[in-house]
$ cat protein21.cif   # mmCIF, C-alpha atoms and all ligand atoms
data_target
loop_
_atom_site.group_PDB
_atom_site.id
_atom_site.type_symbol
_atom_site.label_atom_id
_atom_site.label_comp_id
_atom_site.auth_asym_id
_atom_site.auth_seq_id
_atom_site.Cartn_x
_atom_site.Cartn_y
_atom_site.Cartn_z
ATOM 1 C CA MET O 1 -153.400 85.796 -23.313
ATOM 2 C CA ALA O 2 -154.739 83.893 -26.314
ATOM 3 C CA VAL O 3 -154.968 87.127 -28.300
ATOM 4 C CA PRO O 4 -151.940 89.416 -28.666
ATOM 5 C CA ILE O 5 -152.700 93.116 -28.237
ATOM 6 C CA LEU O 6 -150.379 95.498 -30.037
ATOM 7 C CA LYS O 7 -150.081 99.177 -29.169
ATOM 8 C CA GLN O 8 -149.675 101.350 -32.234
ATOM 9 C CA SER O 9 -149.503 105.090 -31.435
ATOM 10 C CA HIS O 10 -152.960 106.019 -30.078
ATOM 11 C CA TYR O 11 -154.540 102.709 -30.931
ATOM 12 C CA LEU O 12 -154.684 99.136 -29.706
ATOM 13 C CA ILE O 13 -154.822 96.316 -32.213
ATOM 14 C CA ALA O 14 -156.024 92.892 -31.068
ATOM 15 C CA THR O 15 -155.455 90.205 -33.674
ATOM 16 C CA ILE O 16 -157.328 86.966 -33.103
ATOM 17 C CA GLN O 17 -155.094 84.101 -34.287
ATOM 18 C CA ALA O 18 -157.322 81.028 -34.068
ATOM 19 C CA ALA O 19 -160.642 79.762 -32.746
ATOM 20 C CA LEU O 20 -161.331 81.200 -29.298
ATOM 21 C CA THR O 21 -163.053 79.694 -26.308
ATOM 22 C CA ASP O 22 -165.643 81.715 -24.401
ATOM 23 C CA ALA O 23 -163.071 82.261 -21.636
ATOM 24 C CA ASP O 24 -160.539 83.598 -24.177
ATOM 25 C CA LEU O 25 -163.127 86.087 -25.447
ATOM 26 C CA VAL O 26 -163.927 87.318 -21.966
ATOM 27 C CA GLU O 27 -160.207 87.626 -21.213
ATOM 28 C CA LEU O 28 -159.749 89.677 -24.382
ATOM 29 C CA ARG O 29 -162.606 91.980 -23.351
ATOM 30 C CA ASP O 30 -161.138 92.610 -19.910
ATOM 31 C CA ALA O 31 -157.596 93.095 -21.219
ATOM 32 C CA LEU O 32 -158.744 95.652 -23.806
ATOM 33 C CA VAL O 33 -160.780 97.614 -21.298
ATOM 34 C CA ALA O 34 -157.816 97.705 -18.900
ATOM 35 C CA ARG O 35 -155.266 98.685 -21.554
ATOM 36 C CA VAL O 36 -157.325 101.451 -23.081
ATOM 37 C CA GLY O 37 -157.001 103.176 -19.701
ATOM 38 C CA LYS O 38 -153.367 102.281 -19.156
ATOM 39 C CA PHE O 39 -152.209 103.549 -22.564
ATOM 40 C CA ARG O 40 -154.856 106.288 -22.889
ATOM 41 C CA SER O 41 -155.729 104.830 -26.278
ATOM 42 C CA ARG O 42 -158.243 106.550 -28.530
ATOM 43 C CA GLY O 43 -159.315 103.514 -30.423
ATOM 44 C CA VAL O 44 -159.336 99.742 -30.542
ATOM 45 C CA ILE O 45 -159.249 97.458 -33.564
ATOM 46 C CA VAL O 46 -160.332 93.838 -33.157
ATOM 47 C CA ASP O 47 -159.214 91.767 -36.123
ATOM 48 C CA VAL O 48 -161.434 88.682 -36.481
ATOM 49 C CA THR O 49 -160.061 87.494 -39.847
ATOM 50 C CA ALA O 50 -159.010 84.152 -38.309
ATOM 51 C CA LEU O 51 -162.401 83.492 -36.653
ATOM 52 C CA ASP O 52 -164.303 80.774 -38.521
ATOM 53 C CA VAL O 53 -167.371 80.957 -36.279
ATOM 54 C CA LEU O 54 -169.012 84.057 -34.812
ATOM 55 C CA ASP O 55 -171.922 82.682 -32.809
ATOM 56 C CA SER O 56 -174.322 84.398 -30.431
ATOM 57 C CA PHE O 57 -171.861 84.402 -27.533
ATOM 58 C CA ALA O 58 -168.944 85.755 -29.559
ATOM 59 C CA SER O 59 -171.048 88.525 -31.104
ATOM 60 C CA ARG O 60 -172.439 89.485 -27.730
ATOM 61 C CA THR O 61 -168.902 89.705 -26.345
ATOM 62 C CA LEU O 62 -167.771 91.884 -29.273
ATOM 63 C CA ARG O 63 -170.733 94.189 -28.618
ATOM 64 C CA ASP O 64 -169.836 94.300 -24.922
ATOM 65 C CA ILE O 65 -166.244 95.183 -25.800
ATOM 66 C CA ALA O 66 -167.350 98.084 -27.999
ATOM 67 C CA CYS O 67 -169.779 99.305 -25.360
ATOM 68 C CA MET O 68 -167.275 99.163 -22.499
ATOM 69 C CA ILE O 69 -164.538 100.796 -24.604
ATOM 70 C CA ARG O 70 -166.945 103.585 -25.502
ATOM 71 C CA LEU O 71 -167.677 104.146 -21.822
ATOM 72 C CA ARG O 72 -163.912 104.510 -21.363
ATOM 73 C CA GLY O 73 -163.949 107.253 -24.000
ATOM 74 C CA ALA O 74 -162.520 105.377 -26.968
ATOM 75 C CA GLU O 75 -163.847 103.849 -30.194
ATOM 76 C CA THR O 76 -163.876 100.226 -31.328
ATOM 77 C CA VAL O 77 -163.946 98.880 -34.852
ATOM 78 C CA ILE O 78 -164.204 95.234 -35.897
ATOM 79 C CA VAL O 79 -162.252 94.220 -39.001
ATOM 80 C CA GLY O 80 -162.005 91.118 -41.154
ATOM 81 C CA ILE O 81 -165.378 89.358 -40.819
ATOM 82 C CA GLN O 82 -165.116 86.571 -43.413
ATOM 83 C CA PRO O 83 -167.831 86.228 -46.089
ATOM 84 C CA GLU O 84 -168.980 82.813 -44.785
ATOM 85 C CA VAL O 85 -169.178 84.190 -41.275
ATOM 86 C CA ALA O 86 -171.193 87.212 -42.451
ATOM 87 C CA PHE O 87 -173.552 84.866 -44.318
ATOM 88 C CA THR O 88 -174.069 82.744 -41.207
ATOM 89 C CA MET O 89 -174.669 85.760 -38.967
ATOM 90 C CA VAL O 90 -177.396 87.011 -41.285
ATOM 91 C CA GLN O 91 -179.025 83.550 -41.438
ATOM 92 C CA MET O 92 -178.869 83.179 -37.665
ATOM 93 C CA GLY O 93 -180.230 86.672 -37.060
ATOM 94 C CA ILE O 94 -177.101 87.694 -35.158
ATOM 95 C CA THR O 95 -176.155 91.364 -35.355
ATOM 96 C CA LEU O 96 -173.379 93.534 -33.977
ATOM 97 C CA GLU O 97 -175.911 96.371 -33.678
ATOM 98 C CA ASP O 98 -174.108 99.708 -33.793
ATOM 99 C CA VAL O 99 -170.555 98.371 -33.627
ATOM 100 C CA PRO O 100 -168.693 99.638 -36.706
ATOM 101 C CA THR O 101 -167.233 96.955 -38.960
ATOM 102 C CA VAL O 102 -164.887 97.507 -41.886
ATOM 103 C CA LEU O 103 -163.104 95.305 -44.373
ATOM 104 C CA ASP O 104 -159.530 95.120 -43.089
ATOM 105 C CA LEU O 105 -156.889 96.574 -40.817
ATOM 106 C CA GLU O 106 -156.067 99.449 -43.148
ATOM 107 C CA GLU O 107 -159.712 100.515 -43.298
ATOM 108 C CA GLY O 108 -159.909 100.073 -39.538
ATOM 109 C CA LEU O 109 -157.069 102.528 -38.947
ATOM 110 C CA ALA O 110 -158.595 104.977 -41.415
ATOM 111 C CA HIS O 111 -161.933 104.695 -39.602
ATOM 112 C CA LEU O 112 -160.346 105.468 -36.239
ATOM 113 C CA GLU O 113 -158.382 108.400 -37.708
ATOM 114 C CA ARG O 114 -161.606 109.915 -39.008
ATOM 115 C CA LYS O 115 -163.336 109.358 -35.669
ATOM 116 C CA SER O 116 -160.627 110.952 -33.558
ATOM 117 C CA ARG O 117 -160.469 114.039 -35.779
ATOM 118 C CA HIS O 118 -164.110 114.847 -35.033
ATOM 119 C CA MET G 119 -186.281 59.383 -40.902
ATOM 120 C CA SER G 120 -183.282 57.775 -42.589
ATOM 121 C CA LYS G 121 -180.592 56.093 -40.574
ATOM 122 C CA ILE G 122 -177.819 58.127 -39.010
ATOM 123 C CA LYS G 123 -174.267 56.835 -39.112
ATOM 124 C CA VAL G 124 -172.519 58.461 -36.159
ATOM 125 C CA GLU G 125 -168.989 59.581 -37.046
ATOM 126 C CA ALA G 126 -167.960 61.410 -33.890
ATOM 127 C CA CYS G 127 -169.206 61.732 -30.359
ATOM 128 C CA VAL G 128 -167.856 64.631 -28.322
ATOM 129 C CA SER G 129 -168.517 64.993 -24.619
ATOM 130 C CA VAL G 130 -169.305 68.568 -23.801
ATOM 131 C CA ALA G 131 -168.717 70.040 -20.363
ATOM 132 C CA SER G 132 -166.554 73.121 -20.907
ATOM 133 C CA ASP G 133 -165.916 75.909 -23.358
ATOM 134 C CA THR G 134 -162.930 74.087 -24.890
ATOM 135 C CA ASP G 135 -165.277 71.168 -25.653
ATOM 136 C CA ILE G 136 -167.523 73.611 -27.556
ATOM 137 C CA VAL G 137 -164.582 74.524 -29.810
ATOM 138 C CA ASN G 138 -163.704 70.842 -30.227
ATOM 139 C CA ALA G 139 -167.285 69.856 -31.124
ATOM 140 C CA ARG G 140 -167.584 72.486 -33.820
ATOM 141 C CA ARG G 141 -164.173 71.573 -35.226
ATOM 142 C CA GLN G 142 -165.275 67.947 -35.577
ATOM 143 C CA GLY G 143 -168.528 69.037 -37.193
ATOM 144 C CA ARG G 144 -166.700 71.178 -39.720
ATOM 145 C CA ALA G 145 -164.315 68.318 -40.545
ATOM 146 C CA LEU G 146 -167.234 65.985 -41.251
ATOM 147 C CA ALA G 147 -169.043 68.669 -43.270
ATOM 148 C CA ASP G 148 -165.914 69.142 -45.397
ATOM 149 C CA HIS G 149 -165.598 65.378 -45.805
ATOM 150 C CA ILE G 150 -169.213 65.062 -47.000
ATOM 151 C CA GLY G 151 -168.534 67.830 -49.493
ATOM 152 C CA PHE G 152 -170.470 70.790 -48.114
ATOM 153 C CA SER G 153 -169.371 74.232 -49.321
ATOM 154 C CA SER G 154 -167.363 76.329 -46.926
ATOM 155 C CA SER G 155 -170.411 78.569 -46.270
ATOM 156 C CA GLU G 156 -172.506 75.535 -45.381
ATOM 157 C CA ALA G 157 -169.715 74.143 -43.200
ATOM 158 C CA THR G 158 -169.692 77.461 -41.341
ATOM 159 C CA LEU G 159 -173.461 77.247 -40.805
ATOM 160 C CA ILE G 160 -173.053 73.710 -39.470
ATOM 161 C CA ALA G 161 -170.159 74.650 -37.162
ATOM 162 C CA THR G 162 -172.163 77.592 -35.835
ATOM 163 C CA ALA G 163 -175.216 75.416 -35.148
ATOM 164 C CA ILE G 164 -173.008 72.995 -33.202
ATOM 165 C CA SER G 165 -171.522 75.892 -31.267
ATOM 166 C CA GLU G 166 -174.976 77.118 -30.176
ATOM 167 C CA LEU G 167 -176.195 73.656 -29.162
ATOM 168 C CA ALA G 168 -172.974 72.803 -27.315
ATOM 169 C CA ARG G 169 -173.038 76.081 -25.434
ATOM 170 C CA ASN G 170 -176.627 75.487 -24.366
ATOM 171 C CA ILE G 171 -175.508 72.139 -22.931
ATOM 172 C CA VAL G 172 -172.665 73.753 -20.955
ATOM 173 C CA HIS G 173 -174.821 76.668 -19.764
ATOM 174 C CA TYR G 174 -178.049 74.926 -18.889
ATOM 175 C CA ALA G 175 -177.245 71.252 -18.351
ATOM 176 C CA ARG G 176 -173.553 71.441 -17.295
ATOM 177 C CA ASP G 177 -172.626 68.461 -19.444
ATOM 178 C CA GLY G 178 -173.822 66.279 -22.256
ATOM 179 C CA GLU G 179 -172.690 65.197 -25.689
ATOM 180 C CA ILE G 180 -172.726 66.155 -29.336
ATOM 181 C CA LEU G 181 -172.918 63.458 -31.989
ATOM 182 C CA VAL G 182 -172.221 64.271 -35.602
ATOM 183 C CA GLY G 183 -173.023 61.790 -38.299
ATOM 184 C CA MET G 184 -173.831 61.131 -41.911
ATOM 185 C CA VAL G 185 -177.341 60.506 -43.079
ATOM 186 C CA ASN G 186 -178.701 59.426 -46.441
ATOM 187 C CA GLY G 187 -181.746 61.240 -47.714
ATOM 188 C CA ASP G 188 -183.918 60.251 -50.678
ATOM 189 C CA SER G 189 -181.683 61.919 -53.208
ATOM 190 C CA CYS G 190 -178.716 63.354 -51.327
ATOM 191 C CA PRO G 191 -176.493 62.831 -48.299
ATOM 192 C CA GLY G 192 -176.657 65.021 -45.247
ATOM 193 C CA ILE G 193 -175.033 65.765 -41.932
ATOM 194 C CA SER G 194 -176.833 65.232 -38.681
ATOM 195 C CA ILE G 195 -176.135 66.879 -35.350
ATOM 196 C CA THR G 196 -177.508 65.494 -32.125
ATOM 197 C CA ALA G 197 -177.067 67.405 -28.873
ATOM 198 C CA ARG G 198 -178.230 65.560 -25.797
ATOM 199 C CA ASP G 199 -178.006 66.039 -22.085
ATOM 200 C CA SER G 200 -179.559 64.803 -18.860
ATOM 201 C CA GLY G 201 -179.975 68.316 -17.498
ATOM 202 C CA PRO G 202 -183.038 70.114 -16.120
ATOM 203 C CA GLY G 203 -185.047 69.986 -19.345
ATOM 204 C CA ILE G 204 -187.124 72.817 -20.777
ATOM 205 C CA PRO G 205 -190.540 73.492 -19.229
ATOM 206 C CA GLU G 206 -191.744 75.875 -21.939
ATOM 207 C CA LEU G 207 -190.680 74.284 -25.180
ATOM 208 C CA LYS G 208 -192.938 76.513 -27.315
ATOM 209 C CA ARG G 209 -191.578 79.708 -25.846
ATOM 210 C CA VAL G 210 -187.880 78.844 -26.181
ATOM 211 C CA MET G 211 -188.393 78.430 -29.919
ATOM 212 C CA LEU G 212 -189.470 82.067 -30.161
ATOM 213 C CA GLU G 213 -186.678 84.461 -30.954
ATOM 214 C CA GLY G 214 -185.673 86.567 -27.969
ATOM 215 C CA PHE G 215 -186.720 84.151 -25.244
ATOM 216 C CA SER G 216 -183.924 83.477 -22.782
ATOM 217 C CA THR G 217 -183.769 82.480 -19.132
ATOM 218 C CA SER G 218 -180.163 83.614 -18.853
ATOM 219 C CA GLY G 219 -180.154 87.164 -20.219
ATOM 220 C CA GLY G 220 -178.910 85.825 -23.563
ATOM 221 C CA MET G 221 -180.238 86.954 -26.916
ATOM 222 C CA GLY G 222 -182.471 83.915 -27.184
ATOM 223 C CA LEU G 223 -181.177 83.417 -30.709
ATOM 224 C CA GLY G 224 -179.563 80.013 -30.333
ATOM 225 C CA LEU G 225 -182.398 77.543 -30.847
ATOM 226 C CA PRO G 226 -184.501 79.598 -33.305
ATOM 227 C CA GLY G 227 -181.324 80.375 -35.271
ATOM 228 C CA VAL G 228 -180.285 76.723 -35.439
ATOM 229 C CA ARG G 229 -183.760 75.760 -36.614
ATOM 230 C CA ARG G 230 -183.547 78.393 -39.353
ATOM 231 C CA ILE G 231 -180.109 77.444 -40.683
ATOM 232 C CA MET G 232 -180.624 73.673 -40.665
ATOM 233 C CA ASP G 233 -183.089 71.818 -42.940
ATOM 234 C CA GLU G 234 -184.634 69.599 -40.292
ATOM 235 C CA PHE G 235 -184.953 70.330 -36.610
ATOM 236 C CA ASN G 236 -186.407 68.435 -33.720
ATOM 237 C CA ILE G 237 -186.311 69.113 -30.004
ATOM 238 C CA GLU G 238 -187.450 66.812 -27.237
ATOM 239 C CA SER G 239 -187.249 67.761 -23.626
ATOM 240 C CA GLN G 240 -188.560 66.438 -20.371
ATOM 241 C CA VAL G 241 -188.363 68.421 -17.182
ATOM 242 C CA GLY G 242 -185.965 66.755 -14.785
ATOM 243 C CA LYS G 243 -184.820 64.288 -17.442
ATOM 244 C CA GLY G 244 -182.981 66.223 -20.113
ATOM 245 C CA THR G 245 -183.042 67.598 -23.618
ATOM 246 C CA THR G 246 -182.217 66.187 -27.049
ATOM 247 C CA VAL G 247 -181.968 68.344 -30.142
ATOM 248 C CA THR G 248 -181.517 66.752 -33.553
ATOM 249 C CA ALA G 249 -180.841 68.753 -36.695
ATOM 250 C CA ILE G 250 -179.994 67.782 -40.264
ATOM 251 C CA LYS G 251 -178.609 69.699 -43.196
ATOM 252 C CA TRP G 252 -178.895 68.152 -46.659
ATOM 253 C CA LYS G 253 -176.184 68.492 -49.224
ATOM 254 C CA ARG G 254 -178.143 69.530 -52.304
HETATM 255 N N1 LIG C 301 -180.009 71.946 -23.169
HETATM 256 C C1 LIG C 301 -180.844 72.754 -22.490
HETATM 257 N N2 LIG C 301 -181.298 72.400 -21.251
HETATM 258 C C2 LIG C 301 -182.138 73.205 -20.571
HETATM 259 N N3 LIG C 301 -182.608 74.389 -21.033
HETATM 260 C C3 LIG C 301 -182.203 74.786 -22.246
HETATM 261 C C4 LIG C 301 -181.306 74.004 -23.040
HETATM 262 N N4 LIG C 301 -181.085 74.656 -24.218
HETATM 263 C C5 LIG C 301 -181.812 75.784 -24.151
HETATM 264 N N5 LIG C 301 -182.482 75.893 -22.980
HETATM 265 C C6 LIG C 301 -183.434 76.965 -22.579
HETATM 266 O O1 LIG C 301 -183.920 77.583 -23.768
HETATM 267 C C7 LIG C 301 -183.674 78.998 -23.719
HETATM 268 C C8 LIG C 301 -183.423 79.495 -25.125
HETATM 269 O O2 LIG C 301 -182.194 78.942 -25.638
HETATM 270 P P1 LIG C 301 -181.447 79.721 -26.816
HETATM 271 O O3 LIG C 301 -180.175 79.024 -27.113
HETATM 272 O O4 LIG C 301 -182.422 79.906 -27.916
HETATM 273 O O5 LIG C 301 -181.153 81.160 -26.207
HETATM 274 P P2 LIG C 301 -180.136 81.550 -25.020
HETATM 275 O O6 LIG C 301 -179.166 80.444 -24.784
HETATM 276 O O7 LIG C 301 -180.937 81.975 -23.829
HETATM 277 O O8 LIG C 301 -179.399 82.825 -25.620
HETATM 278 P P3 LIG C 301 -178.293 82.809 -26.814
HETATM 279 O O9 LIG C 301 -178.196 81.416 -27.327
HETATM 280 O O10 LIG C 301 -178.824 83.759 -27.844
HETATM 281 O O11 LIG C 301 -177.035 83.290 -26.197
HETATM 282 C C9 LIG C 301 -182.526 79.170 -22.758
HETATM 283 O O12 LIG C 301 -182.522 80.450 -22.168
HETATM 284 C C10 LIG C 301 -182.790 78.059 -21.731
HETATM 285 O O13 LIG C 301 -183.745 78.476 -20.794
HETATM 286 MG MG MG C 302 -178.146 79.515 -26.406
#
$ encode --input "protein21.cif" --output "structure tokens" --more "lines below"
Ligand SMILES: Nc1ncnc2c1ncn2[C@@H]1O[C@H](COP(=O)(O)OP(=O)(O)OP(=O)(O)O)[C@@H](O)[C@H]1O
Ligand SMILES: [Mg+2]
Amino acid sequence: MAVPILKQSHYLIATIQAALTDADLVELRDALVARVGKFRSRGVIVDVTALDVLDSFASRTLRDIACMIRLRGAETVIVGIQPEVAFTMVQMGITLEDVPTVLDLEEGLAHLERKSRH
Amino acid sequence: MSKIKVEACVSVASDTDIVNARRQGRALADHIGFSSSEATLIATAISELARNIVHYARDGEILVGMVNGDSCPGISITARDSGPGIPELKRVMLEGFSTSGGMGLGLPGVRRIMDEFNIESQVGKGTTVTAIKWKR
């Protein structure tokens, strides 16, 4: 796996380390969907701090991840979108639609805590 | 149009080549002195064009080069392939048009983020996209 997935209590944390190929992204999607079931996780954090490009394929895959995880009964939050990447996404017209995004890992955990209390 | 000095030519046939092409583009953008936001725009444009090559034409190449404008330098990206070509060139430039269930954002997005954009395509012969960003 190009992306390590850490289990932390009820959550899974996937930390992207470097630029990913399309195949790496698809592998990450499938691994997260499988592990949410295996560990009965309530939430998933995908940390994209190290991603220097979030193009149409990568954003679509992140949306797919969130959608599939939701169908498995858990929540996804994306953390760490860099300012340059956010700027480019807006210029390109790329959106993550209703996938929640927060600043960093700490905020991501807080977001999931709030979600699972409701 | 001013003359392009090609600095790197990357053959593109797989998803690892897409990553390689955008890395080379970013390196040249940094070298020319683009800001890190602009370098990200350029790398993203290369990513979209390279992926289109892999998806629709199977293989092709990306050339990145330097170009001198009237008052400033720029970076040029050329994506060319000998794939199937695009029958409806007008429609693919409209946001949301895709023949593959994609978002149809690639080409319109690249046109928006670059300063100059040109696409030539012939059915059965292939497609060439050229885009330039000026360093102001
Ligand atoms: N190099 C190419 N050769 C042949 N057809 C192409 C090529 N590039 C683009 N196309 C055609 O143009 C359409 C629009 O391309 P564009 O990149 O804008 O969107 P997309 O690839 O369908 O979706 P997205 O890029 O948002 O994932 C494609 O669906 C495809 O039919
Ligand atoms: Mg595309």
$ residues_near_ligand --input "protein21.cif" --ligand "ligand LIG 301 (chain C)" --cutoff "9 Å" --atoms "all atoms listed in the file" --output "JSON, numbers by chain"
{"O": [55, 56, 57, 60, 94], "G": [166, 167, 168, 169, 170, 171, 172, 173, 174, 175, 176, 177, 178, 197, 198, 199, 200, 201, 202, 203, 204, 205, 206, 207, 209, 210, 211, 212, 213, 214, 215, 216, 217, 218, 219, 220, 221, 222, 223, 224, 225, 226, 227, 228, 239, 241, 244, 245, 246, 247]}
$ write_last_selection --input "protein21.cif" --atoms "C-alpha atoms" --output "compact mmCIF listing (two decimals), keeping the file's coordinate frame"
# COMPACT_ATOMS: atom_id res chain seq x y z
CA ASP O 55 -171.92 82.68 -32.81
CA SER O 56 -174.32 84.40 -30.43
CA PHE O 57 -171.86 84.40 -27.53
CA ARG O 60 -172.44 89.48 -27.73
CA ILE O 94 -177.10 87.69 -35.16
CA GLU G 166 -174.98 77.12 -30.18
CA LEU G 167 -176.20 73.66 -29.16
CA ALA G 168 -172.97 72.80 -27.32
CA ARG G 169 -173.04 76.08 -25.43
CA ASN G 170 -176.63 75.49 -24.37
CA ILE G 171 -175.51 72.14 -22.93
CA VAL G 172 -172.66 73.75 -20.96
CA HIS G 173 -174.82 76.67 -19.76
CA TYR G 174 -178.05 74.93 -18.89
CA ALA G 175 -177.24 71.25 -18.35
CA ARG G 176 -173.55 71.44 -17.30
CA ASP G 177 -172.63 68.46 -19.44
CA GLY G 178 -173.82 66.28 -22.26
CA ALA G 197 -177.07 67.40 -28.87
CA ARG G 198 -178.23 65.56 -25.80
CA ASP G 199 -178.01 66.04 -22.08
CA SER G 200 -179.56 64.80 -18.86
CA GLY G 201 -179.98 68.32 -17.50
CA PRO G 202 -183.04 70.11 -16.12
CA GLY G 203 -185.05 69.99 -19.34
CA ILE G 204 -187.12 72.82 -20.78
CA PRO G 205 -190.54 73.49 -19.23
CA GLU G 206 -191.74 75.88 -21.94
CA LEU G 207 -190.68 74.28 -25.18
CA ARG G 209 -191.58 79.71 -25.85
CA VAL G 210 -187.88 78.84 -26.18
CA MET G 211 -188.39 78.43 -29.92
CA LEU G 212 -189.47 82.07 -30.16
CA GLU G 213 -186.68 84.46 -30.95
CA GLY G 214 -185.67 86.57 -27.97
CA PHE G 215 -186.72 84.15 -25.24
CA SER G 216 -183.92 83.48 -22.78
CA THR G 217 -183.77 82.48 -19.13
CA SER G 218 -180.16 83.61 -18.85
CA GLY G 219 -180.15 87.16 -20.22
CA GLY G 220 -178.91 85.82 -23.56
CA MET G 221 -180.24 86.95 -26.92
CA GLY G 222 -182.47 83.92 -27.18
CA LEU G 223 -181.18 83.42 -30.71
CA GLY G 224 -179.56 80.01 -30.33
CA LEU G 225 -182.40 77.54 -30.85
CA PRO G 226 -184.50 79.60 -33.30
CA GLY G 227 -181.32 80.38 -35.27
CA VAL G 228 -180.28 76.72 -35.44
CA SER G 239 -187.25 67.76 -23.63
CA VAL G 241 -188.36 68.42 -17.18
CA GLY G 244 -182.98 66.22 -20.11
CA THR G 245 -183.04 67.60 -23.62
CA THR G 246 -182.22 66.19 -27.05
CA VAL G 247 -181.97 68.34 -30.14
$ interface_residues --input "protein21.cif" --of "chain O" --to "chain G" --cutoff "8 Å" --atoms "all atoms listed in the file" --output "VMD selection string"
chain O and resid 19 to 23 52 to 56 84 to 85 87 to 88 91 to 94
$ atom_distance --input "protein21.cif" --atom1 "CA of Ile193 (chain G)" --atom2 "CA of Ala131 (chain G)"
22.9 Å
$ resolve_selection --input "protein21.cif" --expression "the PyMOL selection byres (((chain G and resi 250) around 10) and not hetatm)" --output "PyMOL selection string"
chain G and resi 122+160+182-185+192-196+229+231-236+248-249+251-253
$ write_last_selection --input "protein21.cif" --atoms "C-alpha atoms" --output "PDB file, in the coordinates of the input"
ATOM      1  CA  ILE G 122    -177.819  58.127 -39.010  1.00  0.00           C
ATOM      2  CA  ILE G 160    -173.053  73.710 -39.470  1.00  0.00           C
ATOM      3  CA  VAL G 182    -172.221  64.271 -35.602  1.00  0.00           C
ATOM      4  CA  GLY G 183    -173.023  61.790 -38.299  1.00  0.00           C
ATOM      5  CA  MET G 184    -173.831  61.131 -41.911  1.00  0.00           C
ATOM      6  CA  VAL G 185    -177.341  60.506 -43.079  1.00  0.00           C
ATOM      7  CA  GLY G 192    -176.657  65.021 -45.247  1.00  0.00           C
ATOM      8  CA  ILE G 193    -175.033  65.765 -41.932  1.00  0.00           C
ATOM      9  CA  SER G 194    -176.833  65.232 -38.681  1.00  0.00           C
ATOM     10  CA  ILE G 195    -176.135  66.879 -35.350  1.00  0.00           C
ATOM     11  CA  THR G 196    -177.508  65.494 -32.125  1.00  0.00           C
ATOM     12  CA  ARG G 229    -183.760  75.760 -36.614  1.00  0.00           C
ATOM     13  CA  ILE G 231    -180.109  77.444 -40.683  1.00  0.00           C
ATOM     14  CA  MET G 232    -180.624  73.673 -40.665  1.00  0.00           C
ATOM     15  CA  ASP G 233    -183.089  71.818 -42.940  1.00  0.00           C
ATOM     16  CA  GLU G 234    -184.634  69.599 -40.292  1.00  0.00           C
ATOM     17  CA  PHE G 235    -184.953  70.330 -36.610  1.00  0.00           C
ATOM     18  CA  ASN G 236    -186.407  68.435 -33.720  1.00  0.00           C
ATOM     19  CA  THR G 248    -181.517  66.752 -33.553  1.00  0.00           C
ATOM     20  CA  ALA G 249    -180.841  68.753 -36.695  1.00  0.00           C
ATOM     21  CA  LYS G 251    -178.609  69.699 -43.196  1.00  0.00           C
ATOM     22  CA  TRP G 252    -178.895  68.152 -46.659  1.00  0.00           C
ATOM     23  CA  LYS G 253    -176.184  68.492 -49.224  1.00  0.00           C
TER      24      LYS G 253
END
$ resolve_selection --input "protein21.cif" --expression "the PyMOL selection byres (((chain O and resi 5) around 12) and not hetatm)" --output "list of chain:residue names"
O:Met1, O:Ala2, O:Val3, O:Pro4, O:Leu6, O:Lys7, O:Gln8, O:Tyr11, O:Leu12, O:Ile13, O:Ala14, O:Thr15, O:Ile16, O:Gln17, O:Glu27, O:Leu28, O:Arg29, O:Asp30, O:Ala31, O:Leu32, O:Val33, O:Ala34, O:Arg35, O:Val36, O:Phe39, O:Val44, O:Ile45, O:Val46, O:Asp47
$ residues_around --input "protein21.cif" --residues "Ile78 (chain O)" --least-positions-apart "6" --cutoff "10 Å" --atoms "all atoms listed in the file" --output "list in words"
Ala14, Val44, Ile45, Val46, Asp47, Val48, Thr49, Leu62, Arg63, Ala66, Leu96, Val99, Pro100, Thr101, Val102, Leu103, Asp104, Leu105 and Gly108 of chain O
$ write_last_selection --input "protein21.cif" --atoms "C-alpha atoms" --output "PDB file, in the frame of the given file"
ATOM      1  CA  ALA O  14    -156.024  92.892 -31.068  1.00  0.00           C
ATOM      2  CA  VAL O  44    -159.336  99.742 -30.542  1.00  0.00           C
ATOM      3  CA  ILE O  45    -159.249  97.458 -33.564  1.00  0.00           C
ATOM      4  CA  VAL O  46    -160.332  93.838 -33.157  1.00  0.00           C
ATOM      5  CA  ASP O  47    -159.214  91.767 -36.123  1.00  0.00           C
ATOM      6  CA  VAL O  48    -161.434  88.682 -36.481  1.00  0.00           C
ATOM      7  CA  THR O  49    -160.061  87.494 -39.847  1.00  0.00           C
ATOM      8  CA  LEU O  62    -167.771  91.884 -29.273  1.00  0.00           C
ATOM      9  CA  ARG O  63    -170.733  94.189 -28.618  1.00  0.00           C
ATOM     10  CA  ALA O  66    -167.350  98.084 -27.999  1.00  0.00           C
ATOM     11  CA  LEU O  96    -173.379  93.534 -33.977  1.00  0.00           C
ATOM     12  CA  VAL O  99    -170.555  98.371 -33.627  1.00  0.00           C
ATOM     13  CA  PRO O 100    -168.693  99.638 -36.706  1.00  0.00           C
ATOM     14  CA  THR O 101    -167.233  96.955 -38.960  1.00  0.00           C
ATOM     15  CA  VAL O 102    -164.887  97.507 -41.886  1.00  0.00           C
ATOM     16  CA  LEU O 103    -163.104  95.305 -44.373  1.00  0.00           C
ATOM     17  CA  ASP O 104    -159.530  95.120 -43.089  1.00  0.00           C
ATOM     18  CA  LEU O 105    -156.889  96.574 -40.817  1.00  0.00           C
ATOM     19  CA  GLY O 108    -159.909 100.073 -39.538  1.00  0.00           C
TER      20      GLY O 108
END
$ decode --input "protein21.cif" --residues "region 233-240 of chain G" --atoms "C-alpha atoms" --output "JSON list (two decimals), in the first residue's frame"
[["chain", "number", "residue", "atom", "x", "y", "z"],
["G", 233, "ASP", "CA", -3.27, 32.15, -20.44],
["G", 234, "GLU", "CA", -3.25, 30.70, -23.94],
["G", 235, "PHE", "CA", -4.92, 27.52, -25.10],
["G", 236, "ASN", "CA", -5.14, 25.79, -28.42],
["G", 237, "ILE", "CA", -6.52, 22.40, -29.36],
["G", 238, "GLU", "CA", -6.22, 20.67, -32.70],
["G", 239, "SER", "CA", -7.70, 17.30, -33.36],
["G", 240, "GLN", "CA", -8.35, 15.13, -36.34]]
